[in-house]
Amino acid sequence: MDEADFAALPRGRHNLTRDQVESAQRGRLVYGMAMVVAEKGYTATSVADVLKRVHISRDTFYQHFSDKEDCFLAALDGCALLLSRIVDEPLTDSESMDPLDRFERALVLYLETLVAQSALAKMFFLESLAAGERARRTRFAVQAEFTKRIADTFADHPGWARVPDRGFAVAVISGAISSMVLAALAEGRIAEIPALREPIMEFVRYVLTP
């Protein structure tokens, strides 16, 4: 999800269909909501803030969304899809690799993307917890899927079978990654996020070593 994906519609006459225009408007509103929430926080963000950011009318906003929460949930869903793809693609495309190498490849891409898309990361990790029950459910569903993908990746590693409580072990790994990322985002230490790779990999190797 990038600002270039939601560029303003061309001025004057254009050849876009009505569906294309509406899709572009919706995309810009979703992106604008994500950016404003990342800057101001969910509670302090208003629909007017989003409209000012993306230069779209209030009437158009309410053609697409019922209220601020509805638009924020759409932004959260978009971010959740992005994060899921980031983790899933390297794990799926590299099934012939050693499980630890596959996991490290996905982890590096995940951490680097959080830095490159830090505003979206802040919106997802921090503000989803302040935006109500539906937003929290989306946030925790992504966490659960992330945990499952890690477990699936380690399933082929010889050391994984010797872990006494694999469900607990993978929850610790997944939860630790999420917690450390959240702390770095909340404290403005975004540039330090890629450095989490080394201690995470050291811990995972320790868990899987007989």
# chains A, B, ... in the order shown; residues from 1 in each chain; ligands from 1
$ select_by_dssp --residues "range 81-167 of chain A" --states "helix (DSSP H, G or I)" --output "MDAnalysis selection string"
chainID A and resid 81:93 99:116 118:125 127:130 133:154 158:162 166:167
$ write_last_selection --atoms "C-alpha atoms" --output "PDB file, in the first residue's frame"
ATOM      1  CA  LEU A  81      -3.658  -8.316   3.656  1.00  0.00           C
ATOM      2  CA  LEU A  82      -0.323  -6.649   2.891  1.00  0.00           C
ATOM      3  CA  LEU A  83       1.344  -8.125   5.987  1.00  0.00           C
ATOM      4  CA  SER A  84      -0.101 -11.565   5.319  1.00  0.00           C
ATOM      5  CA  ARG A  85       1.235 -11.560   1.762  1.00  0.00           C
ATOM      6  CA  ILE A  86       4.663 -10.438   2.929  1.00  0.00           C
ATOM      7  CA  VAL A  87       4.935 -13.423   5.244  1.00  0.00           C
ATOM      8  CA  ASP A  88       3.169 -15.953   3.044  1.00  0.00           C
ATOM      9  CA  GLU A  89       4.950 -15.442  -0.295  1.00  0.00           C
ATOM     10  CA  PRO A  90       8.552 -16.192   0.765  1.00  0.00           C
ATOM     11  CA  LEU A  91       7.382 -19.128   2.884  1.00  0.00           C
ATOM     12  CA  THR A  92       5.370 -20.598   0.016  1.00  0.00           C
ATOM     13  CA  ASP A  93       7.823 -19.840  -2.804  1.00  0.00           C
ATOM     14  CA  PRO A  99      12.892 -24.376   7.241  1.00  0.00           C
ATOM     15  CA  LEU A 100      15.158 -22.043   9.243  1.00  0.00           C
ATOM     16  CA  ASP A 101      16.428 -20.355   6.080  1.00  0.00           C
ATOM     17  CA  ARG A 102      12.877 -20.021   4.822  1.00  0.00           C
ATOM     18  CA  PHE A 103      11.750 -18.481   8.092  1.00  0.00           C
ATOM     19  CA  GLU A 104      14.690 -16.064   8.144  1.00  0.00           C
ATOM     20  CA  ARG A 105      13.966 -14.967   4.574  1.00  0.00           C
ATOM     21  CA  ALA A 106      10.342 -14.202   5.480  1.00  0.00           C
ATOM     22  CA  LEU A 107      11.376 -12.493   8.711  1.00  0.00           C
ATOM     23  CA  VAL A 108      13.846 -10.181   6.971  1.00  0.00           C
ATOM     24  CA  LEU A 109      11.263  -9.140   4.370  1.00  0.00           C
ATOM     25  CA  TYR A 110       8.645  -8.630   7.085  1.00  0.00           C
ATOM     26  CA  LEU A 111      10.884  -6.416   9.244  1.00  0.00           C
ATOM     27  CA  GLU A 112      12.148  -4.393   6.276  1.00  0.00           C
ATOM     28  CA  THR A 113       8.596  -3.786   5.071  1.00  0.00           C
ATOM     29  CA  LEU A 114       7.541  -2.528   8.496  1.00  0.00           C
ATOM     30  CA  VAL A 115      10.292   0.088   8.267  1.00  0.00           C
ATOM     31  CA  ALA A 116       9.460   1.039   4.669  1.00  0.00           C
ATOM     32  CA  SER A 118       6.181   2.578   9.083  1.00  0.00           C
ATOM     33  CA  ALA A 119       3.030   4.717   9.013  1.00  0.00           C
ATOM     34  CA  LEU A 120       0.909   1.719   8.077  1.00  0.00           C
ATOM     35  CA  ALA A 121       2.738  -0.384  10.661  1.00  0.00           C
ATOM     36  CA  LYS A 122       1.952   2.156  13.393  1.00  0.00           C
ATOM     37  CA  MET A 123      -1.672   2.250  12.331  1.00  0.00           C
ATOM     38  CA  PHE A 124      -1.913  -1.543  12.423  1.00  0.00           C
ATOM     39  CA  PHE A 125       0.093  -2.405  15.530  1.00  0.00           C
ATOM     40  CA  GLU A 127      -4.063   2.128  16.689  1.00  0.00           C
ATOM     41  CA  SER A 128      -5.955  -1.099  16.024  1.00  0.00           C
ATOM     42  CA  LEU A 129      -5.975  -1.633  19.783  1.00  0.00           C
ATOM     43  CA  ALA A 130      -7.728   1.721  20.330  1.00  0.00           C
ATOM     44  CA  GLU A 133     -13.635  -4.686  19.177  1.00  0.00           C
ATOM     45  CA  ARG A 134     -13.874  -5.256  15.412  1.00  0.00           C
ATOM     46  CA  ALA A 135     -10.465  -3.685  14.846  1.00  0.00           C
ATOM     47  CA  ARG A 136      -8.923  -5.755  17.636  1.00  0.00           C
ATOM     48  CA  ARG A 137     -10.365  -8.935  16.151  1.00  0.00           C
ATOM     49  CA  THR A 138      -8.719  -8.135  12.811  1.00  0.00           C
ATOM     50  CA  ARG A 139      -5.408  -7.434  14.545  1.00  0.00           C
ATOM     51  CA  PHE A 140      -5.492 -10.693  16.504  1.00  0.00           C
ATOM     52  CA  ALA A 141      -6.625 -12.717  13.482  1.00  0.00           C
ATOM     53  CA  VAL A 142      -3.493 -11.632  11.614  1.00  0.00           C
ATOM     54  CA  GLN A 143      -1.403 -12.547  14.649  1.00  0.00           C
ATOM     55  CA  ALA A 144      -3.008 -15.988  14.759  1.00  0.00           C
ATOM     56  CA  GLU A 145      -2.354 -16.555  11.058  1.00  0.00           C
ATOM     57  CA  PHE A 146       1.264 -15.445  11.499  1.00  0.00           C
ATOM     58  CA  THR A 147       1.658 -17.935  14.344  1.00  0.00           C
ATOM     59  CA  LYS A 148       0.178 -20.739  12.235  1.00  0.00           C
ATOM     60  CA  ARG A 149       2.496 -19.994   9.316  1.00  0.00           C
ATOM     61  CA  ILE A 150       5.530 -20.154  11.611  1.00  0.00           C
ATOM     62  CA  ALA A 151       4.381 -23.525  12.968  1.00  0.00           C
ATOM     63  CA  ASP A 152       3.817 -24.845   9.435  1.00  0.00           C
ATOM     64  CA  THR A 153       7.298 -23.695   8.416  1.00  0.00           C
ATOM     65  CA  PHE A 154       9.038 -25.411  11.331  1.00  0.00           C
ATOM     66  CA  PRO A 158      13.984 -32.311  12.767  1.00  0.00           C
ATOM     67  CA  GLY A 159      14.347 -30.276  15.956  1.00  0.00           C
ATOM     68  CA  TRP A 160      10.708 -29.189  15.955  1.00  0.00           C
ATOM     69  CA  ALA A 161       9.440 -32.662  16.790  1.00  0.00           C
ATOM     70  CA  ARG A 162      11.559 -32.637  19.948  1.00  0.00           C
ATOM     71  CA  ARG A 166       5.174 -26.814  20.130  1.00  0.00           C
ATOM     72  CA  GLY A 167       1.992 -24.745  20.417  1.00  0.00           C
TER      73      GLY A 167
END
$ atom_distance --atom1 "CA of Ser178 in chain A" --atom2 "CA of Gly132 in chain A"
19.5 Å
$ residues_around --residues "range 58-62 of chain A" --least-positions-apart "5" --cutoff "12 Å" --atoms "only C-alpha atoms" --output "PyMOL selection string"
chain A and resi 21-30+32-33+46-52+67-71
$ atom_distance --atom1 "CA of Val204 in chain A" --atom2 "CA of Ile173 in chain A"
7.5 Å
$ closest_residue --among "A:Ala44, A:Leu126, A:Val181, A:Ala155" --to "Leu196 in chain A" --atoms "only C-alpha atoms"
A:Val181
$ decode --residues "range 127-150 of chain A" --atoms "N, CA and C atoms" --output "PDB file, in the first residue's frame"
ATOM      1  N   GLU A 127      -2.733   1.528  16.671  1.00  0.00           N
ATOM      2  CA  GLU A 127      -4.063   2.128  16.689  1.00  0.00           C
ATOM      3  C   GLU A 127      -5.192   1.118  16.585  1.00  0.00           C
ATOM      4  N   SER A 128      -4.900  -0.077  16.085  1.00  0.00           N
ATOM      5  CA  SER A 128      -5.955  -1.099  16.024  1.00  0.00           C
ATOM      6  C   SER A 128      -6.450  -1.464  17.417  1.00  0.00           C
ATOM      7  N   LEU A 129      -5.593  -1.294  18.411  1.00  0.00           N
ATOM      8  CA  LEU A 129      -5.975  -1.633  19.783  1.00  0.00           C
ATOM      9  C   LEU A 129      -6.872  -0.566  20.406  1.00  0.00           C
ATOM     10  N   ALA A 130      -6.934   0.615  19.780  1.00  0.00           N
ATOM     11  CA  ALA A 130      -7.728   1.721  20.330  1.00  0.00           C
ATOM     12  C   ALA A 130      -9.007   1.967  19.542  1.00  0.00           C
ATOM     13  N   ALA A 131      -9.261   1.123  18.540  1.00  0.00           N
ATOM     14  CA  ALA A 131     -10.352   1.415  17.611  1.00  0.00           C
ATOM     15  C   ALA A 131     -11.558   0.509  17.760  1.00  0.00           C
ATOM     16  N   GLY A 132     -11.686  -0.186  18.868  1.00  0.00           N
ATOM     17  CA  GLY A 132     -12.880  -0.981  19.084  1.00  0.00           C
ATOM     18  C   GLY A 132     -12.675  -2.466  18.860  1.00  0.00           C
ATOM     19  N   GLU A 133     -13.713  -3.228  19.185  1.00  0.00           N
ATOM     20  CA  GLU A 133     -13.635  -4.686  19.177  1.00  0.00           C
ATOM     21  C   GLU A 133     -13.389  -5.250  17.785  1.00  0.00           C
ATOM     22  N   ARG A 134     -14.048  -4.721  16.766  1.00  0.00           N
ATOM     23  CA  ARG A 134     -13.874  -5.256  15.412  1.00  0.00           C
ATOM     24  C   ARG A 134     -12.444  -5.064  14.934  1.00  0.00           C
ATOM     25  N   ALA A 135     -11.851  -3.936  15.235  1.00  0.00           N
ATOM     26  CA  ALA A 135     -10.465  -3.685  14.846  1.00  0.00           C
ATOM     27  C   ALA A 135      -9.516  -4.631  15.587  1.00  0.00           C
ATOM     28  N   ARG A 136      -9.780  -4.838  16.858  1.00  0.00           N
ATOM     29  CA  ARG A 136      -8.923  -5.755  17.636  1.00  0.00           C
ATOM     30  C   ARG A 136      -9.022  -7.176  17.101  1.00  0.00           C
ATOM     31  N   ARG A 137     -10.213  -7.584  16.693  1.00  0.00           N
ATOM     32  CA  ARG A 137     -10.365  -8.935  16.151  1.00  0.00           C
ATOM     33  C   ARG A 137      -9.540  -9.103  14.876  1.00  0.00           C
ATOM     34  N   THR A 138      -9.531  -8.077  14.029  1.00  0.00           N
ATOM     35  CA  THR A 138      -8.719  -8.135  12.811  1.00  0.00           C
ATOM     36  C   THR A 138      -7.246  -8.242  13.164  1.00  0.00           C
ATOM     37  N   ARG A 139      -6.817  -7.426  14.117  1.00  0.00           N
ATOM     38  CA  ARG A 139      -5.408  -7.434  14.545  1.00  0.00           C
ATOM     39  C   ARG A 139      -5.013  -8.807  15.076  1.00  0.00           C
ATOM     40  N   PHE A 140      -5.841  -9.409  15.899  1.00  0.00           N
ATOM     41  CA  PHE A 140      -5.492 -10.693  16.504  1.00  0.00           C
ATOM     42  C   PHE A 140      -5.627 -11.842  15.503  1.00  0.00           C
ATOM     43  N   ALA A 141      -6.502 -11.691  14.519  1.00  0.00           N
ATOM     44  CA  ALA A 141      -6.625 -12.717  13.482  1.00  0.00           C
ATOM     45  C   ALA A 141      -5.343 -12.797  12.655  1.00  0.00           C
ATOM     46  N   VAL A 142      -4.767 -11.646  12.346  1.00  0.00           N
ATOM     47  CA  VAL A 142      -3.493 -11.632  11.614  1.00  0.00           C
ATOM     48  C   VAL A 142      -2.397 -12.266  12.455  1.00  0.00           C
ATOM     49  N   GLN A 143      -2.390 -11.954  13.748  1.00  0.00           N
ATOM     50  CA  GLN A 143      -1.403 -12.547  14.649  1.00  0.00           C
ATOM     51  C   GLN A 143      -1.547 -14.071  14.680  1.00  0.00           C
ATOM     52  N   ALA A 144      -2.770 -14.549  14.728  1.00  0.00           N
ATOM     53  CA  ALA A 144      -3.008 -15.988  14.759  1.00  0.00           C
ATOM     54  C   ALA A 144      -2.548 -16.654  13.471  1.00  0.00           C
ATOM     55  N   GLU A 145      -2.786 -16.003  12.340  1.00  0.00           N
ATOM     56  CA  GLU A 145      -2.354 -16.555  11.058  1.00  0.00           C
ATOM     57  C   GLU A 145      -0.832 -16.574  10.967  1.00  0.00           C
ATOM     58  N   PHE A 146      -0.193 -15.519  11.469  1.00  0.00           N
ATOM     59  CA  PHE A 146       1.264 -15.445  11.499  1.00  0.00           C
ATOM     60  C   PHE A 146       1.830 -16.600  12.333  1.00  0.00           C
ATOM     61  N   THR A 147       1.227 -16.844  13.469  1.00  0.00           N
ATOM     62  CA  THR A 147       1.658 -17.935  14.344  1.00  0.00           C
ATOM     63  C   THR A 147       1.518 -19.282  13.645  1.00  0.00           C
ATOM     64  N   LYS A 148       0.409 -19.481  12.953  1.00  0.00           N
ATOM     65  CA  LYS A 148       0.178 -20.739  12.235  1.00  0.00           C
ATOM     66  C   LYS A 148       1.208 -20.935  11.139  1.00  0.00           C
ATOM     67  N   ARG A 149       1.534 -19.876  10.413  1.00  0.00           N
ATOM     68  CA  ARG A 149       2.496 -19.994   9.316  1.00  0.00           C
ATOM     69  C   ARG A 149       3.878 -20.351   9.854  1.00  0.00           C
ATOM     70  N   ILE A 150       4.246 -19.801  11.002  1.00  0.00           N
ATOM     71  CA  ILE A 150       5.530 -20.154  11.611  1.00  0.00           C
ATOM     72  C   ILE A 150       5.539 -21.636  11.975  1.00  0.00           C
TER      73      ILE A 150
END
